[in-house]
Amino acid sequence: MSVQNLKNPLTKNYLDYKNYVLAEGNIPWFTKHRTHFYSENERENQPKDIFYFSHTIVDRPYQETPYKYPVPTIDSNLFEQTYKIFKEILDFNNIPLNVVYRLNINLTPNQTLKKSISHTDLPFSHNVLILYFTTTSGKTYIEINNKQHISSAEEDKIIIFNGEYNHFQGTPKIDENRIVLVANYI
């Protein structure tokens with residue numbers, strides 16, 4: 001699978017959800033200091049990464065931490081609404097869904113570093129869906145066969161790609177917030 005643009009059905013569920021996400025004060029955001037999850041053995045001597053704010057809806061499965069189990073965990077009361085719009089988008093585009101590994105809403109503000117480190121979201125086979133809630137200069141870069149595919153961040157745009165491809169994000173300009181829904185699934 002290369003990078004594909006999906007059609008957004010722009011359902012009432014989706015538009016209500018987007019308005020809720022973008023409204024001030026509705027989402028509890030948590031600061032993340034890196035875009036890649038390193039195993040406990042890899043955390044030392046890693047390059048400086050961007051920070052962002054995240055609201056985890058489904059937490060990724062076990063990643064070599066002793067307090068986790070090898071199963072995704074629902075971690076937000078927004079799960080049902082998020083799953084519903086995610087499923088509506090996949091169904092509208094005739095894409096089957098077998099398993100959701102992770103669902104996050106991420107907000108990246110302007111910062112000194114202009115891009116995140118290149119990474120994959122999970123250490124096993126999966127797909128990535130990125131749904132842009134805002135139009136910003138914070139593009140997504142996907143590395144496929146030594147070539148870089150660039151996806152502009154446009155409101156309501158949806159892309160999917162193979163999760164085995166390294167990818168990274170650019171940070172937005174001053175006064176912009178890059179707000180996306182990220183899904184890892186098969």
# chains A, B, ... in the order shown; residues from 1 in each chain; ligands from 1
call {"tool": "residues_around", "arguments": {"residues": "stretch 91-95 of chain A", "least_positions_apart": "2", "cutoff": "9 Å", "atoms": "only C-alpha atoms", "output": "PyMOL selection string"}}
result
chain A and resi 6-9+86-89+97
call {"tool": "write_last_selection", "arguments": {"atoms": "N, CA and C atoms", "output": "PDB file, in the first residue's frame"}}
result
ATOM      1  N   LEU A   6      -8.230   9.212   1.272  1.00  0.00           N
ATOM      2  CA  LEU A   6      -9.576   8.666   1.400  1.00  0.00           C
ATOM      3  C   LEU A   6     -10.594   9.787   1.243  1.00  0.00           C
ATOM      4  N   LYS A   7     -11.799   9.389   0.888  1.00  0.00           N
ATOM      5  CA  LYS A   7     -12.910  10.336   0.838  1.00  0.00           C
ATOM      6  C   LYS A   7     -13.474  10.463   2.247  1.00  0.00           C
ATOM      7  N   ASN A   8     -13.716  11.682   2.649  1.00  0.00           N
ATOM      8  CA  ASN A   8     -14.342  11.926   3.940  1.00  0.00           C
ATOM      9  C   ASN A   8     -15.840  12.094   3.705  1.00  0.00           C
ATOM     10  N   PRO A   9     -16.684  11.229   4.281  1.00  0.00           N
ATOM     11  CA  PRO A   9     -18.126  11.340   4.027  1.00  0.00           C
ATOM     12  C   PRO A   9     -18.776  12.561   4.678  1.00  0.00           C
ATOM     13  N   PHE A  86     -14.541   6.834  12.819  1.00  0.00           N
ATOM     14  CA  PHE A  86     -13.471   6.048  12.184  1.00  0.00           C
ATOM     15  C   PHE A  86     -14.084   4.948  11.312  1.00  0.00           C
ATOM     16  N   LYS A  87     -15.039   4.237  11.859  1.00  0.00           N
ATOM     17  CA  LYS A  87     -15.704   3.149  11.129  1.00  0.00           C
ATOM     18  C   LYS A  87     -16.512   3.690   9.951  1.00  0.00           C
ATOM     19  N   GLU A  88     -17.196   4.806  10.123  1.00  0.00           N
ATOM     20  CA  GLU A  88     -17.937   5.416   9.013  1.00  0.00           C
ATOM     21  C   GLU A  88     -17.000   5.752   7.843  1.00  0.00           C
ATOM     22  N   ILE A  89     -15.836   6.278   8.168  1.00  0.00           N
ATOM     23  CA  ILE A  89     -14.865   6.628   7.120  1.00  0.00           C
ATOM     24  C   ILE A  89     -14.384   5.375   6.400  1.00  0.00           C
ATOM     25  N   LEU A  97     -12.160  -3.472   8.519  1.00  0.00           N
ATOM     26  CA  LEU A  97     -11.489  -3.249   9.805  1.00  0.00           C
ATOM     27  C   LEU A  97     -11.477  -4.554  10.576  1.00  0.00           C
TER      28      LEU A  97
END
call {"tool": "closest_residue", "arguments": {"among": "A:Thr134, A:Leu78, A:Pro70, A:Ile150", "to": "A:Pro172", "atoms": "only C-alpha atoms"}}
result
A:Thr134
call {"tool": "select_by_dssp", "arguments": {"residues": "stretch 94-172 of chain A", "states": "strand (DSSP E)", "output": "number ranges by chain"}}
result
A: 100-109, 127-132, 136-144, 147-153, 158-162, 166-169
call {"tool": "residues_around", "arguments": {"residues": "A:Phe79", "least_positions_apart": "5", "cutoff": "10 Å", "atoms": "only C-alpha atoms", "output": "number ranges by chain"}}
result
A: 56-58, 74, 84, 103-104
call {"tool": "closest_residue", "arguments": {"among": "A:Tyr132, A:Lys12, A:Arg34, A:His167", "to": "A:Asn146", "atoms": "only C-alpha atoms"}}
result
A:His167
call {"tool": "residues_around", "arguments": {"residues": "A:Ser54", "least_positions_apart": "3", "cutoff": "10 Å", "atoms": "only C-alpha atoms", "output": "list in words"}}
result
Ile27, Pro28, Trp29, Phe30, Thr31, Lys32, Phe51, Ile57, Asn104, Ile105, Asn106, Leu107, Thr108, Ile179, Val180 and Leu181 of chain A
call {"tool": "write_last_selection", "arguments": {"atoms": "C-alpha atoms", "output": "PDB file, in the first residue's frame"}}
result
ATOM      1  CA  ILE A  27     -10.437  17.787  25.336  1.00  0.00           C
ATOM      2  CA  PRO A  28      -8.035  17.041  28.201  1.00  0.00           C
ATOM      3  CA  TRP A  29      -4.590  17.250  26.570  1.00  0.00           C
ATOM      4  CA  PHE A  30      -1.493  15.508  27.919  1.00  0.00           C
ATOM      5  CA  THR A  31       2.041  16.568  26.997  1.00  0.00           C
ATOM      6  CA  LYS A  32       4.187  14.059  25.094  1.00  0.00           C
ATOM      7  CA  PHE A  51       6.648  17.813  21.824  1.00  0.00           C
ATOM      8  CA  ILE A  57      -8.538   7.150  23.113  1.00  0.00           C
ATOM      9  CA  ASN A 104      -5.198   9.317  19.436  1.00  0.00           C
ATOM     10  CA  ILE A 105      -6.102  12.935  18.930  1.00  0.00           C
ATOM     11  CA  ASN A 106      -2.869  14.934  18.711  1.00  0.00           C
ATOM     12  CA  LEU A 107      -2.285  18.679  18.819  1.00  0.00           C
ATOM     13  CA  THR A 108       1.110  19.982  17.687  1.00  0.00           C
ATOM     14  CA  ILE A 179      -4.807  18.761  15.194  1.00  0.00           C
ATOM     15  CA  VAL A 180      -5.196  15.227  13.870  1.00  0.00           C
ATOM     16  CA  LEU A 181      -6.782  11.910  14.660  1.00  0.00           C
TER      17      LEU A 181
END
call {"tool": "residues_around", "arguments": {"residues": "A:Asn145", "least_positions_apart": "3", "cutoff": "10 Å", "atoms": "only C-alpha atoms", "output": "PDB file with N, CA and C atoms, in the first residue's frame"}}
result
ATOM      1  N   ILE A 142       6.117  10.787   4.549  1.00  0.00           N
ATOM      2  CA  ILE A 142       6.159   9.328   4.610  1.00  0.00           C
ATOM      3  C   ILE A 142       7.282   8.859   3.705  1.00  0.00           C
ATOM      4  N   GLN A 148      10.397  10.330  -0.529  1.00  0.00           N
ATOM      5  CA  GLN A 148       9.575  10.988   0.467  1.00  0.00           C
ATOM      6  C   GLN A 148       8.246  11.432  -0.149  1.00  0.00           C
ATOM      7  N   TYR A 165       6.098   1.919   7.032  1.00  0.00           N
ATOM      8  CA  TYR A 165       6.840   3.056   6.482  1.00  0.00           C
ATOM      9  C   TYR A 165       7.172   4.045   7.594  1.00  0.00           C
TER      10      TYR A 165
END
call {"tool": "closest_residue", "arguments": {"among": "A:Gly25, A:Lys115, A:Asn5, A:Asn98", "to": "A:Pro47", "atoms": "only C-alpha atoms"}}
result
A:Lys115
call {"tool": "residues_around", "arguments": {"residues": "stretch 120-131 of chain A", "least_positions_apart": "3", "cutoff": "8 Å", "atoms": "only C-alpha atoms", "output": "mmCIF file with C-alpha atoms, in the first residue's frame"}}
result
data_model
loop_
_atom_site.group_PDB
_atom_site.id
_atom_site.type_symbol
_atom_site.label_atom_id
_atom_site.label_comp_id
_atom_site.auth_asym_id
_atom_site.auth_seq_id
_atom_site.Cartn_x
_atom_site.Cartn_y
_atom_site.Cartn_z
ATOM 1 C CA HIS A 36 8.206 7.586 18.905
ATOM 2 C CA PHE A 37 7.738 4.994 21.602
ATOM 3 C CA ARG A 60 -1.321 1.032 21.990
ATOM 4 C CA ASP A 156 -11.064 17.117 6.705
ATOM 5 C CA LYS A 157 -8.371 15.386 4.605
ATOM 6 C CA ILE A 158 -7.696 11.721 5.349
ATOM 7 C CA ILE A 159 -4.671 9.639 4.377
ATOM 8 C CA ILE A 160 -3.775 6.020 5.004
ATOM 9 C CA PHE A 161 -0.492 4.183 4.548
ATOM 10 C CA ASN A 162 1.343 1.046 5.584
ATOM 11 C CA GLY A 163 2.559 1.429 9.178
ATOM 12 C CA GLU A 164 5.881 -0.169 8.301
ATOM 13 C CA TYR A 165 6.840 3.056 6.482
ATOM 14 C CA ASN A 166 8.775 5.550 8.538
ATOM 15 C CA HIS A 167 7.044 8.889 8.776
ATOM 16 C CA VAL A 180 -5.196 15.227 13.870
ATOM 17 C CA LEU A 181 -6.782 11.910 14.660
ATOM 18 C CA VAL A 182 -4.277 9.075 14.296
ATOM 19 C CA ALA A 183 -5.462 5.472 14.024
ATOM 20 C CA ASN A 184 -3.311 2.341 13.934
ATOM 21 C CA TYR A 185 -5.287 -0.664 12.761
ATOM 22 C CA ILE A 186 -5.455 -3.704 10.500
#
call {"tool": "closest_residue", "arguments": {"among": "A:Asp175, A:Asp59, A:Asp49, A:Glu143", "to": "A:Ser2", "atoms": "only C-alpha atoms"}}
result
A:Glu143
call {"tool": "closest_residue", "arguments": {"among": "A:Thr35, A:Asn13, A:Ser76, A:Gln169", "to": "A:His55", "atoms": "only C-alpha atoms"}}
result
A:Ser76
call {"tool": "select_by_dssp", "arguments": {"residues": "chain A", "states": "helix (DSSP H, G or I)", "output": "PyMOL selection string"}}
result
chain A and resi 12-22+40-42+79-92
